[in-house]
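Text of query_3.tsv (TSV, C-alpha atoms) as supplied:
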```tsv
chain	number	residue	atom	x	y	z
P	1	MET	CA	20.43	9.76	-8.73
P	2	LYS	CA	20.29	6.61	-10.83
P	3	VAL	CA	17.10	4.55	-10.54
P	4	PHE	CA	16.33	1.16	-12.06
P	5	ILE	CA	12.80	-0.31	-12.17
P	6	ASP	CA	12.96	-4.08	-12.38
P	7	GLY	CA	9.54	-4.99	-13.74
P	8	SER	CA	8.84	-1.63	-15.37
P	9	GLU	CA	6.12	-3.00	-17.67
P	10	GLY	CA	3.71	-3.91	-14.87
P	11	THR	CA	1.03	-1.55	-13.51
P	12	THR	CA	3.17	-0.43	-10.54
P	13	GLY	CA	6.29	0.02	-12.66
P	14	LEU	CA	4.43	2.00	-15.30
P	15	ARG	CA	2.97	4.37	-12.70
P	16	ILE	CA	6.42	4.91	-11.15
P	17	ASN	CA	7.75	5.81	-14.59
P	18	GLU	CA	4.89	8.28	-15.06
P	19	ARG	CA	5.66	10.01	-11.77
P	20	PHE	CA	9.34	10.33	-12.73
P	21	ALA	CA	8.58	11.92	-16.10
P	22	GLY	CA	8.86	15.51	-14.85
P	23	ARG	CA	11.82	15.07	-12.51
P	24	ASP	CA	15.30	16.27	-13.45
P	25	ASP	CA	16.94	14.93	-10.28
P	26	ILE	CA	16.53	11.29	-11.33
P	27	GLU	CA	18.06	9.31	-14.16
P	28	VAL	CA	15.99	6.23	-14.93
P	29	LEU	CA	18.11	3.36	-16.19
P	30	HIS	CA	16.26	1.59	-19.00
P	31	ILE	CA	16.87	-2.06	-19.77
P	32	ASP	CA	16.69	-3.32	-23.34
P	33	PRO	CA	13.17	-4.81	-23.77
P	34	ASP	CA	14.68	-8.01	-25.13
P	35	LYS	CA	16.74	-8.40	-21.95
P	36	ARG	CA	14.06	-7.75	-19.32
P	37	LYS	CA	14.37	-11.38	-18.15
P	38	ASP	CA	18.11	-11.70	-18.76
P	39	ILE	CA	19.53	-12.28	-15.28
P	40	ASP	CA	22.99	-10.94	-16.15
P	41	GLU	CA	21.61	-7.71	-17.61
P	42	ARG	CA	19.26	-7.24	-14.67
P	43	LYS	CA	22.19	-7.78	-12.32
P	44	ARG	CA	24.23	-5.17	-14.17
P	45	MET	CA	21.42	-2.60	-14.03
P	46	ILE	CA	20.68	-3.23	-10.36
P	47	ASN	CA	24.30	-2.74	-9.37
P	48	MET	CA	24.62	0.41	-11.52
P	49	SER	CA	21.72	2.04	-9.68
P	50	ASP	CA	21.50	4.04	-6.49
P	51	ILE	CA	17.98	2.72	-5.91
P	52	THR	CA	16.24	-0.23	-7.57
P	53	PHE	CA	12.47	-0.69	-7.46
P	54	LEU	CA	11.27	-4.28	-7.62
P	55	CYS	CA	7.86	-4.51	-9.32
P	56	LEU	CA	7.97	-8.27	-9.65
P	57	PRO	CA	6.35	-11.50	-8.46
P	58	ASP	CA	7.70	-12.72	-5.12
P	59	ALA	CA	10.15	-15.30	-6.46
P	60	ALA	CA	11.63	-12.85	-8.97
P	61	ALA	CA	11.94	-10.18	-6.25
P	62	ILE	CA	13.86	-12.57	-4.00
P	63	GLU	CA	16.11	-13.44	-6.94
P	64	ALA	CA	16.69	-9.74	-7.69
P	65	VAL	CA	17.86	-9.06	-4.12
P	66	SER	CA	20.34	-11.94	-4.42
P	67	LEU	CA	21.91	-10.16	-7.42
P	68	VAL	CA	23.00	-7.14	-5.37
P	69	GLU	CA	26.79	-6.91	-5.06
P	70	ASN	CA	27.13	-3.14	-4.67
P	71	ASP	CA	26.72	-2.38	-0.96
P	72	ASP	CA	25.48	1.13	-1.77
P	73	VAL	CA	22.43	-0.04	-3.73
P	74	LYS	CA	19.11	0.52	-1.98
P	75	ILE	CA	16.13	-1.71	-2.75
P	76	ILE	CA	12.44	-0.79	-2.63
P	77	ASP	CA	10.35	-3.93	-3.10
P	78	ALA	CA	6.68	-3.73	-4.08
P	79	SER	CA	6.15	-7.51	-3.85
P	80	THR	CA	4.93	-9.53	-0.88
P	81	ALA	CA	8.27	-11.28	-0.42
P	82	HIS	CA	9.94	-9.17	2.28
P	83	ARG	CA	7.15	-7.36	4.15
P	84	THR	CA	7.32	-9.38	7.36
P	85	LEU	CA	11.10	-9.74	7.59
P	86	ASP	CA	12.76	-8.02	10.55
P	87	ASP	CA	15.74	-6.79	8.50
P	88	TRP	CA	13.48	-4.93	6.04
P	89	SER	CA	11.81	-1.59	6.77
P	90	TYR	CA	8.04	-1.49	6.32
P	91	GLY	CA	7.22	1.30	3.89
P	92	LEU	CA	4.35	3.09	5.63
P	93	PRO	CA	6.03	6.06	7.33
P	94	GLU	CA	2.81	7.57	8.69
P	95	LEU	CA	2.41	4.76	11.22
P	96	SER	CA	5.04	6.29	13.52
P	97	GLU	CA	8.33	8.15	13.52
P	98	THR	CA	10.07	4.83	14.10
P	99	PHE	CA	8.73	3.57	10.76
P	100	ARG	CA	9.81	6.79	9.06
P	101	GLU	CA	13.32	6.66	10.54
P	102	ASN	CA	13.71	3.01	9.59
P	103	ILE	CA	12.90	3.95	5.99
P	104	ARG	CA	15.21	6.97	6.06
P	105	ASN	CA	18.15	5.00	7.41
P	106	GLY	CA	17.51	1.66	5.72
P	107	LYS	CA	18.72	0.08	2.50
P	108	ARG	CA	15.87	-2.42	2.16
P	109	VAL	CA	12.27	-1.22	2.16
P	110	ALA	CA	9.18	-3.36	1.60
P	111	VAL	CA	6.20	-1.40	0.26
P	112	PRO	CA	2.92	-2.51	1.90
P	113	GLY	CA	0.19	-4.30	-0.01
P	114	CYS	CA	-2.69	-2.08	-1.07
P	115	HIS	CA	-5.29	-3.78	1.15
P	116	ALA	CA	-2.77	-3.86	3.99
P	117	SER	CA	-2.07	-0.12	3.67
P	118	GLY	CA	-5.75	0.75	4.05
P	119	PHE	CA	-6.10	-1.66	6.96
P	120	MET	CA	-2.91	-0.60	8.72
P	121	VAL	CA	-3.59	3.13	8.86
P	122	LEU	CA	-6.84	2.31	10.66
P	123	VAL	CA	-5.79	-0.49	13.00
P	124	TYR	CA	-2.12	0.10	13.86
P	125	PRO	CA	-2.65	3.38	15.77
P	126	LEU	CA	-5.50	1.93	17.83
P	127	VAL	CA	-3.50	-1.14	18.86
P	128	ALA	CA	-0.29	0.81	19.43
P	129	LYS	CA	-2.03	3.26	21.77
P	130	GLY	CA	-3.94	0.55	23.65
P	131	ILE	CA	-7.38	1.61	22.42
P	132	LEU	CA	-8.03	-1.62	20.51
P	133	PRO	CA	-7.05	-4.86	22.29
P	134	ALA	CA	-4.55	-6.93	20.32
P	135	ASP	CA	-6.82	-9.98	20.67
P	136	TYR	CA	-9.92	-8.23	19.31
P	137	PRO	CA	-11.57	-10.49	16.67
P	138	ILE	CA	-11.15	-7.94	13.92
P	139	ALA	CA	-12.75	-8.09	10.48
P	140	ALA	CA	-12.24	-6.03	7.34
P	141	THR	CA	-13.81	-5.69	3.91
P	142	SER	CA	-11.97	-4.14	0.98
P	143	VAL	CA	-13.23	-3.16	-2.48
P	144	SER	CA	-10.62	-2.54	-5.17
P	145	GLY	CA	-10.44	-1.79	-8.87
P	146	TYR	CA	-9.20	-4.58	-11.12
P	147	SER	CA	-5.82	-2.95	-11.86
P	148	GLY	CA	-4.49	-4.29	-8.57
P	149	ALA	CA	-4.82	-7.87	-9.81
P	150	GLY	CA	-2.12	-7.58	-12.47
P	151	LYS	CA	-1.87	-7.81	-16.24
P	152	LYS	CA	-3.73	-11.08	-16.68
P	153	MET	CA	-6.78	-9.89	-14.73
P	154	ILE	CA	-6.71	-6.49	-16.44
P	155	ALA	CA	-6.84	-8.29	-19.79
P	156	GLU	CA	-9.80	-10.36	-18.61
P	157	TYR	CA	-11.73	-7.25	-17.57
P	158	ASP	CA	-10.83	-5.40	-20.77
P	159	ASN	CA	-11.91	-8.31	-22.96
P	160	PRO	CA	-15.06	-7.23	-24.89
P	161	ASP	CA	-16.19	-10.88	-24.94
P	162	ARG	CA	-15.81	-11.39	-21.20
P	163	ASP	CA	-18.30	-13.36	-19.13
P	164	THR	CA	-21.14	-11.35	-17.56
P	165	GLU	CA	-19.86	-12.21	-14.06
P	166	TYR	CA	-17.19	-9.55	-14.58
P	167	ASP	CA	-19.94	-6.92	-14.65
P	168	ALA	CA	-20.59	-7.25	-10.93
P	169	PRO	CA	-18.31	-6.99	-7.87
P	170	ARG	CA	-16.71	-10.34	-6.99
P	171	PHE	CA	-15.54	-11.67	-3.63
P	172	TYR	CA	-12.28	-13.61	-3.65
P	173	ALA	CA	-9.76	-15.23	-1.26
P	174	MET	CA	-12.73	-16.98	0.31
P	175	GLY	CA	-10.45	-19.48	2.05
P	176	GLN	CA	-9.03	-16.71	4.28
P	177	GLN	CA	-5.52	-17.13	2.85
P	178	HIS	CA	-5.03	-13.73	1.22
P	179	LYS	CA	-1.36	-12.87	0.72
P	180	HIS	CA	-1.63	-9.60	2.68
P	181	LEU	CA	-2.83	-11.27	5.88
P	182	PRO	CA	0.63	-11.99	7.38
P	183	GLU	CA	1.68	-8.34	7.25
P	184	MET	CA	-1.76	-7.17	8.42
P	185	GLN	CA	-1.37	-9.29	11.54
P	186	LYS	CA	2.32	-8.73	12.28
P	187	ILE	CA	2.68	-5.02	11.56
P	188	ALA	CA	-0.60	-4.10	13.28
P	189	GLY	CA	0.41	-6.10	16.36
P	190	LEU	CA	-2.62	-8.41	16.32
P	191	LYS	CA	-2.81	-11.74	18.12
P	192	ASN	CA	-4.77	-13.32	15.25
P	193	LYS	CA	-5.10	-12.79	11.52
P	194	PRO	CA	-8.11	-10.62	10.61
P	195	LEU	CA	-11.24	-12.02	9.03
P	196	PHE	CA	-10.69	-10.42	5.65
P	197	MET	CA	-13.07	-10.23	2.69
P	198	PRO	CA	-11.60	-8.55	-0.42
P	199	ILE	CA	-13.78	-7.67	-3.40
P	200	ILE	CA	-12.71	-6.86	-6.95
P	201	ALA	CA	-15.03	-4.67	-9.02
P	202	ASP	CA	-15.44	-3.47	-12.60
P	203	TYR	CA	-13.50	-0.21	-12.51
P	204	TYR	CA	-9.80	0.40	-13.09
P	205	SER	CA	-8.35	1.83	-9.88
P	206	GLY	CA	-9.17	3.13	-6.43
P	207	MET	CA	-10.30	1.34	-3.30
P	208	VAL	CA	-11.98	1.52	0.11
P	209	VAL	CA	-11.11	-0.60	3.15
P	210	ASN	CA	-13.70	-0.84	5.94
P	211	VAL	CA	-13.05	-1.96	9.53
P	212	PRO	CA	-16.14	-2.18	11.81
P	213	LEU	CA	-15.67	-2.04	15.59
P	214	TYR	CA	-17.87	-2.48	18.66
P	215	THR	CA	-17.12	0.46	20.95
P	216	GLU	CA	-17.71	-1.57	24.13
P	217	TYR	CA	-14.39	-3.32	23.52
P	218	LEU	CA	-12.41	-0.10	23.01
P	219	ASN	CA	-10.35	1.58	25.72
P	220	GLY	CA	-10.12	5.34	26.18
P	221	ALA	CA	-11.95	6.39	23.00
P	222	LYS	CA	-15.50	5.03	23.07
P	223	THR	CA	-17.56	7.42	20.95
P	224	VAL	CA	-17.51	8.44	17.29
P	225	LYS	CA	-16.36	11.89	18.33
P	226	GLU	CA	-13.52	10.56	20.49
P	227	VAL	CA	-12.31	8.15	17.80
P	228	LEU	CA	-12.48	10.90	15.17
P	229	GLU	CA	-10.45	13.21	17.43
P	230	PHE	CA	-7.93	10.43	18.03
P	231	PHE	CA	-7.28	9.87	14.31
P	232	SER	CA	-7.29	13.60	13.54
P	233	ASP	CA	-4.59	14.14	16.16
P	234	TYR	CA	-2.60	11.02	15.21
P	235	TYR	CA	-2.28	12.04	11.56
P	236	SER	CA	-2.36	15.81	12.02
P	237	LYS	CA	1.18	16.33	10.67
P	238	GLU	CA	0.94	13.93	7.73
P	239	LYS	CA	0.78	15.33	4.20
P	240	PHE	CA	-0.61	12.16	2.67
P	241	ILE	CA	-3.46	11.42	5.09
P	242	ASN	CA	-6.68	13.37	5.65
P	243	VAL	CA	-9.18	12.49	8.41
P	244	TYR	CA	-12.90	13.25	8.03
P	245	SER	CA	-16.13	12.68	9.86
P	246	GLY	CA	-18.35	10.28	7.95
P	247	GLU	CA	-21.50	11.64	9.59
P	248	ASP	CA	-22.87	13.20	6.41
P	249	VAL	CA	-21.41	10.71	3.95
P	250	LYS	CA	-24.22	8.79	2.24
P	251	PHE	CA	-22.06	7.00	-0.32
P	252	LEU	CA	-18.31	6.37	-0.16
P	253	SER	CA	-17.03	5.91	-3.70
P	254	CYS	CA	-14.26	3.39	-4.25
P	255	ASN	CA	-12.82	5.11	-7.33
P	256	LYS	CA	-12.85	8.71	-6.07
P	257	CYS	CA	-9.10	8.72	-5.36
P	258	SER	CA	-8.02	7.18	-8.68
P	259	GLY	CA	-4.85	8.93	-9.89
P	260	TRP	CA	-4.16	10.47	-6.46
P	261	ASP	CA	-1.31	9.52	-4.11
P	262	GLY	CA	-2.87	10.37	-0.76
P	263	LEU	CA	-5.36	8.63	1.53
P	264	ASN	CA	-8.61	9.68	3.23
P	265	ILE	CA	-9.84	8.26	6.53
P	266	TYR	CA	-13.53	8.44	7.49
P	267	VAL	CA	-14.97	7.72	10.94
P	268	SER	CA	-18.65	6.78	10.71
P	269	GLY	CA	-21.34	4.92	12.62
P	270	ASN	CA	-22.66	5.55	16.12
P	271	ASP	CA	-21.51	5.25	19.71
P	272	GLU	CA	-22.18	1.49	19.75
P	273	ARG	CA	-20.77	0.47	16.36
P	274	ILE	CA	-18.12	2.47	14.53
P	275	VAL	CA	-16.98	1.95	10.95
P	276	LEU	CA	-13.48	3.10	10.01
P	277	SER	CA	-12.85	3.58	6.29
P	278	SER	CA	-9.75	4.33	4.25
P	279	GLN	CA	-10.17	5.60	0.68
P	280	PHE	CA	-7.22	5.77	-1.72
P	281	ASP	CA	-5.81	4.57	-5.03
P	282	ASN	CA	-4.52	1.00	-5.05
P	283	LEU	CA	-1.92	2.15	-7.61
P	284	GLY	CA	-1.09	5.32	-5.64
P	285	LYS	CA	-0.74	5.17	-1.86
P	286	GLY	CA	-1.38	1.45	-2.27
P	287	ALA	CA	1.61	0.81	-4.55
P	288	SER	CA	3.69	3.14	-6.73
P	289	GLY	CA	2.92	6.36	-4.84
P	290	ALA	CA	4.01	4.72	-1.59
P	291	ALA	CA	7.16	3.39	-3.25
P	292	ILE	CA	8.15	6.85	-4.51
P	293	GLN	CA	7.36	8.40	-1.13
P	294	CYS	CA	9.77	5.90	0.44
P	295	MET	CA	12.41	6.72	-2.17
P	296	ASN	CA	12.01	10.43	-1.39
P	297	ILE	CA	12.51	9.76	2.32
P	298	MET	CA	15.57	7.57	1.71
P	299	SER	CA	17.11	10.19	-0.57
P	300	GLY	CA	16.45	13.31	1.52
P	301	PHE	CA	13.82	14.78	-0.83
P	302	GLU	CA	10.49	16.23	0.27
P	303	GLU	CA	8.17	13.25	0.79
P	304	ASP	CA	5.61	14.43	-1.76
P	305	LYS	CA	8.08	15.35	-4.51
P	306	GLY	CA	6.81	14.17	-7.90
P	307	LEU	CA	3.55	12.88	-6.42
P	308	VAL	CA	-0.06	13.98	-6.85
P	309	LEU	CA	-1.58	15.39	-3.65
```

Can you present the structure in this file as structure tokens?
Amino acid sequence: MKVFIDGSEGTTGLRINERFAGRDDIEVLHIDPDKRKDIDERKRMINMSDITFLCLPDAAAIEAVSLVENDDVKIIDASTAHRTLDDWSYGLPELSETFRENIRNGKRVAVPGCHASGFMVLVYPLVAKGILPADYPIAATSVSGYSGAGKKMIAEYDNPDRDTEYDAPRFYAMGQQHKHLPEMQKIAGLKNKPLFMPIIADYYSGMVVNVPLYTEYLNGAKTVKEVLEFFSDYYSKEKFINVYSGEDVKFLSCNKCSGWDGLNIYVSGNDERIVLSSQFDNLGKGASGAAIQCMNIMSGFEEDKGLVL
């Protein structure tokens, strides 16, 4: 199978290349470094491929899709550009068998944002099963390593002469306009966008997304035990997701899953206020790992082939 990675020098593209290194069932098509931005050469490579990964800014990803002339080419887009479009499959197969089948049978797959992935695995099942009302005023906090912010931010953090403010965690998107919010609302089935506070911190990769809930507003599962049992049952057949009680967890490290392609869910708190947490790698299940998992599904491979679980 011929694979082209458009944007192979970015953090997501580099990780995809790493995961392909030991696979003999894939031929990666390499573009001449001098022609990485040559539209004609990119067009040629895209149309030569069976699957093209787009690891690009939104505008470049939209342009890349417009270059497709070969009807057999499948596109997996890691940008924000296509995640809320009805004619694109949303690349988080664990949400339901419908999502998985849409990926398997589709030619256009949009990989979720990293924050959105951690949010969605917690919120989508509750809304879909009627446990969490769609109009619940939901809030979420997410802490991520700086690799998720792209090359420019990585360079700023790696700069030995950087400002001391980089030494501490930093809130951002304070205006409540984060680029993942549209997909978080639409895919989860929420009436309103979440109140979302992302934080970037001084470590390379890994993240934790927290969603606090008042149990009095839940339907059917009202205690920590019942919510834990709900998630354990919902994801019981999924290779990539593990569900744990957070009862004995004193500290939940944000970089524990760095280099791993799965995701852990923790259910903590008490029978009045529950905290749901997802712990994973923003470059793994939050980006390149998810993209490769989608490729495996589309191509009839085992979902975890070439990935670290």

- Message: Measuring between all atoms listed in the file, which one of P:Gly284, P:Gly269, P:Pro137, P:Gly145 shows the shortest distance to P:Val227?
- Response: P:Gly269

- Query: Between P:Phe20, P:Tyr146, P:Tyr235, P:Phe4, which one has atoms that come closest to P:Arg44, using all atoms listed in the file?
  - Reply: P:Phe4

- Task: Show me as a PyMOL selection string the residues that reach within 7 Å of (-19.0, 9.2, 8.1), counting only C-alpha atoms and using the file's own coordinates.
- Result: chain P and resi 245-249+266-269

- Query: Counting all atoms listed in the file, which of P:Tyr136, P:Met174, P:Ile16, P:Lys74 gets nearest to P:Met1?
  - Reply: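 Of all the options, P:Lys74 lies closest to P:Met1.
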
- Query: For P:Phe53, which residue among P:Ala21, P:Val109, P:Pro160, P:Asp71 is the nearest when counting all atoms listed in the file?
  - Reply: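 Using all atoms listed in the file, P:Phe53 sits closest to P:Val109.
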
- Query: From the list P:Asp50, P:Arg19, P:Asp135, P:Glu183, which residue is nearest P:Val73 when using only C-alpha atoms?
  - Reply: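 Smallest separation from P:Val73 among the options: P:Asp50.
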
- Message: Measuring between only C-alpha atoms, which one of P:Glu156, P:Glu101, P:Glu216, P:Glu63 shows the shortest distance to P:Ile131?
- Response: P:Glu216

- Just the residues within 9 Å of P:Leu29, please, counting only C-alpha atoms, with nothing from its chain fewer than 6 positions along; format it as number ranges by chain. P: 2-5, 45, 48-49

Please report, as lines of an AutoDock Vina configuration file, the centre and edge lengths in Å to one decimal of an axis-aligned box covering all listed atoms of stretch 56-71 of chain P with 8 Å per side.
```
center_x = 16.7
center_y = -8.8
center_z = -5.3
size_x = 36.8
size_y = 28.9
size_z = 24.7
```

- For atom CA of P:Leu190 and atom CA of P:Ala221, the interatomic separation in Å (one decimal):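 Computed distance, atom CA of P:Leu190 to atom CA of P:Ala221, equals 18.7 Å.
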
- For atom CA of P:Trp260 and atom CA of P:Val111, determine how far apart the two atoms are, in Å to one decimal place. 17.1 Å

- Query: How many Å lie between atom CA of P:Lys256 and atom CA of P:Phe280, rounded to one decimal?
  - Reply: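 Atom CA of P:Lys256 sits 7.7 Å away from atom CA of P:Phe280.
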
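A search radius of 9 Å centred on (-16.3, 5.0, -1.7), applied to all atoms listed in the file, returns the residues P:Val143, P:Gly206, P:Met207, P:Val208, P:Phe251, P:Leu252, P:Ser253, P:Cys254, P:Asn255, P:Lys256, P:Cys257, P:Ser277, P:Ser278, P:Gln279.
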
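Within 10 Å of P:Ala149, once only C-alpha atoms are used and residues closer than 4 positions along the same chain are dropped, the contacting residues are P:Thr11, P:Ser144, P:Gly145, P:Met153, P:Ile154, P:Ile200.
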
- Message: Residues within 10 Å of P:Leu95, please, as JSON, numbers by chain. Count only C-alpha atoms; anything in the same chain fewer than 2 positions from it doesn't count.
- Response: {"P": [90, 91, 92, 93, 97, 98, 99, 100, 120, 121, 122, 123, 124, 125, 128, 187, 188, 234, 235, 238]}

The selected residues should be written to file as a short mmCIF file (atom, residue, chain, number, x, y, z; two decimals), in the coordinates of the input (atoms: C-alpha atoms).
```cif
data_model
loop_
_atom_site.label_atom_id
_atom_site.label_comp_id
_atom_site.auth_asym_id
_atom_site.auth_seq_id
_atom_site.Cartn_x
_atom_site.Cartn_y
_atom_site.Cartn_z
CA TYR P 90 8.04 -1.49 6.32
CA GLY P 91 7.22 1.30 3.89
CA LEU P 92 4.35 3.09 5.63
CA PRO P 93 6.03 6.06 7.33
CA GLU P 97 8.33 8.15 13.52
CA THR P 98 10.07 4.83 14.10
CA PHE P 99 8.73 3.57 10.76
CA ARG P 100 9.81 6.79 9.06
CA MET P 120 -2.91 -0.60 8.72
CA VAL P 121 -3.59 3.13 8.86
CA LEU P 122 -6.84 2.31 10.66
CA VAL P 123 -5.79 -0.49 13.00
CA TYR P 124 -2.12 0.10 13.86
CA PRO P 125 -2.65 3.38 15.77
CA ALA P 128 -0.29 0.81 19.43
CA ILE P 187 2.68 -5.02 11.56
CA ALA P 188 -0.60 -4.10 13.28
CA TYR P 234 -2.60 11.02 15.21
CA TYR P 235 -2.28 12.04 11.56
CA GLU P 238 0.94 13.93 7.73
#
```

Missing atoms in stretch 273-281 of chain P should be modelled up to all heavy atoms and reported as a PDB file, in the coordinates of the input.
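What ended up in result_19.pdb:
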```pdb
ATOM      1  N   ARG P 273     -21.462   1.157  17.444  1.00  0.00           N
ATOM      2  CA  ARG P 273     -20.770   0.470  16.360  1.00  0.00           C
ATOM      3  C   ARG P 273     -20.165   1.510  15.425  1.00  0.00           C
ATOM      4  O   ARG P 273     -20.873   2.297  14.812  1.00  0.00           O
ATOM      5  CB  ARG P 273     -21.737  -0.441  15.582  1.00  0.00           C
ATOM      6  CG  ARG P 273     -22.391  -1.498  16.454  1.00  0.00           C
ATOM      7  CD  ARG P 273     -23.349  -2.378  15.666  1.00  0.00           C
ATOM      8  NE  ARG P 273     -24.320  -1.624  14.901  1.00  0.00           N
ATOM      9  CZ  ARG P 273     -25.404  -1.025  15.406  1.00  0.00           C
ATOM     10  NH1 ARG P 273     -25.648  -1.105  16.702  1.00  0.00           N
ATOM     11  NH2 ARG P 273     -26.237  -0.366  14.631  1.00  0.00           N
ATOM     12  N   ILE P 274     -18.855   1.500  15.345  1.00  0.00           N
ATOM     13  CA  ILE P 274     -18.120   2.470  14.530  1.00  0.00           C
ATOM     14  C   ILE P 274     -17.575   1.758  13.293  1.00  0.00           C
ATOM     15  O   ILE P 274     -17.156   0.604  13.352  1.00  0.00           O
ATOM     16  CB  ILE P 274     -16.966   3.090  15.335  1.00  0.00           C
ATOM     17  CG1 ILE P 274     -17.514   4.051  16.389  1.00  0.00           C
ATOM     18  CG2 ILE P 274     -15.969   3.817  14.431  1.00  0.00           C
ATOM     19  CD1 ILE P 274     -16.456   4.637  17.303  1.00  0.00           C
ATOM     20  N   VAL P 275     -17.608   2.455  12.161  1.00  0.00           N
ATOM     21  CA  VAL P 275     -16.980   1.950  10.950  1.00  0.00           C
ATOM     22  C   VAL P 275     -15.844   2.900  10.569  1.00  0.00           C
ATOM     23  O   VAL P 275     -16.064   4.096  10.373  1.00  0.00           O
ATOM     24  CB  VAL P 275     -17.983   1.840   9.779  1.00  0.00           C
ATOM     25  CG1 VAL P 275     -17.261   1.369   8.515  1.00  0.00           C
ATOM     26  CG2 VAL P 275     -19.100   0.871  10.132  1.00  0.00           C
ATOM     27  N   LEU P 276     -14.638   2.354  10.474  1.00  0.00           N
ATOM     28  CA  LEU P 276     -13.480   3.100  10.010  1.00  0.00           C
ATOM     29  C   LEU P 276     -13.262   2.771   8.544  1.00  0.00           C
ATOM     30  O   LEU P 276     -13.291   1.598   8.159  1.00  0.00           O
ATOM     31  CB  LEU P 276     -12.238   2.725  10.815  1.00  0.00           C
ATOM     32  CG  LEU P 276     -12.332   2.870  12.337  1.00  0.00           C
ATOM     33  CD1 LEU P 276     -11.058   2.349  12.992  1.00  0.00           C
ATOM     34  CD2 LEU P 276     -12.587   4.315  12.722  1.00  0.00           C
ATOM     35  N   SER P 277     -13.021   3.791   7.727  1.00  0.00           N
ATOM     36  CA  SER P 277     -12.850   3.580   6.290  1.00  0.00           C
ATOM     37  C   SER P 277     -11.611   4.316   5.804  1.00  0.00           C
ATOM     38  O   SER P 277     -11.353   5.455   6.207  1.00  0.00           O
ATOM     39  CB  SER P 277     -14.061   4.092   5.508  1.00  0.00           C
ATOM     40  OG  SER P 277     -15.261   3.488   5.955  1.00  0.00           O
ATOM     41  N   SER P 278     -10.860   3.661   4.937  1.00  0.00           N
ATOM     42  CA  SER P 278      -9.750   4.330   4.250  1.00  0.00           C
ATOM     43  C   SER P 278     -10.042   4.298   2.755  1.00  0.00           C
ATOM     44  O   SER P 278     -10.444   3.273   2.211  1.00  0.00           O
ATOM     45  CB  SER P 278      -8.416   3.644   4.559  1.00  0.00           C
ATOM     46  OG  SER P 278      -8.456   2.274   4.227  1.00  0.00           O
ATOM     47  N   GLN P 279      -9.843   5.427   2.111  1.00  0.00           N
ATOM     48  CA  GLN P 279     -10.170   5.600   0.680  1.00  0.00           C
ATOM     49  C   GLN P 279      -8.927   6.126  -0.022  1.00  0.00           C
ATOM     50  O   GLN P 279      -8.375   7.161   0.346  1.00  0.00           O
ATOM     51  CB  GLN P 279     -11.328   6.602   0.561  1.00  0.00           C
ATOM     52  CG  GLN P 279     -11.804   6.883  -0.844  1.00  0.00           C
ATOM     53  CD  GLN P 279     -12.756   8.077  -0.860  1.00  0.00           C
ATOM     54  OE1 GLN P 279     -12.421   9.157  -0.346  1.00  0.00           O
ATOM     55  NE2 GLN P 279     -13.936   7.894  -1.412  1.00  0.00           N
ATOM     56  N   PHE P 280      -8.464   5.391  -1.046  1.00  0.00           N
ATOM     57  CA  PHE P 280      -7.220   5.770  -1.720  1.00  0.00           C
ATOM     58  C   PHE P 280      -7.140   5.049  -3.055  1.00  0.00           C
ATOM     59  O   PHE P 280      -8.069   4.333  -3.449  1.00  0.00           O
ATOM     60  CB  PHE P 280      -6.012   5.455  -0.832  1.00  0.00           C
ATOM     61  CG  PHE P 280      -5.901   4.017  -0.390  1.00  0.00           C
ATOM     62  CD1 PHE P 280      -4.947   3.170  -0.927  1.00  0.00           C
ATOM     63  CD2 PHE P 280      -6.760   3.491   0.577  1.00  0.00           C
ATOM     64  CE1 PHE P 280      -4.841   1.849  -0.516  1.00  0.00           C
ATOM     65  CE2 PHE P 280      -6.665   2.163   0.986  1.00  0.00           C
ATOM     66  CZ  PHE P 280      -5.702   1.346   0.439  1.00  0.00           C
ATOM     67  N   ASP P 281      -6.029   5.236  -3.755  1.00  0.00           N
ATOM     68  CA  ASP P 281      -5.810   4.570  -5.030  1.00  0.00           C
ATOM     69  C   ASP P 281      -4.904   3.368  -4.811  1.00  0.00           C
ATOM     70  O   ASP P 281      -3.795   3.518  -4.290  1.00  0.00           O
ATOM     71  CB  ASP P 281      -5.179   5.540  -6.043  1.00  0.00           C
ATOM     72  CG  ASP P 281      -5.076   4.970  -7.446  1.00  0.00           C
ATOM     73  OD1 ASP P 281      -5.355   3.770  -7.639  1.00  0.00           O
ATOM     74  OD2 ASP P 281      -4.699   5.720  -8.370  1.00  0.00           O
TER      75      ASP P 281
END
```
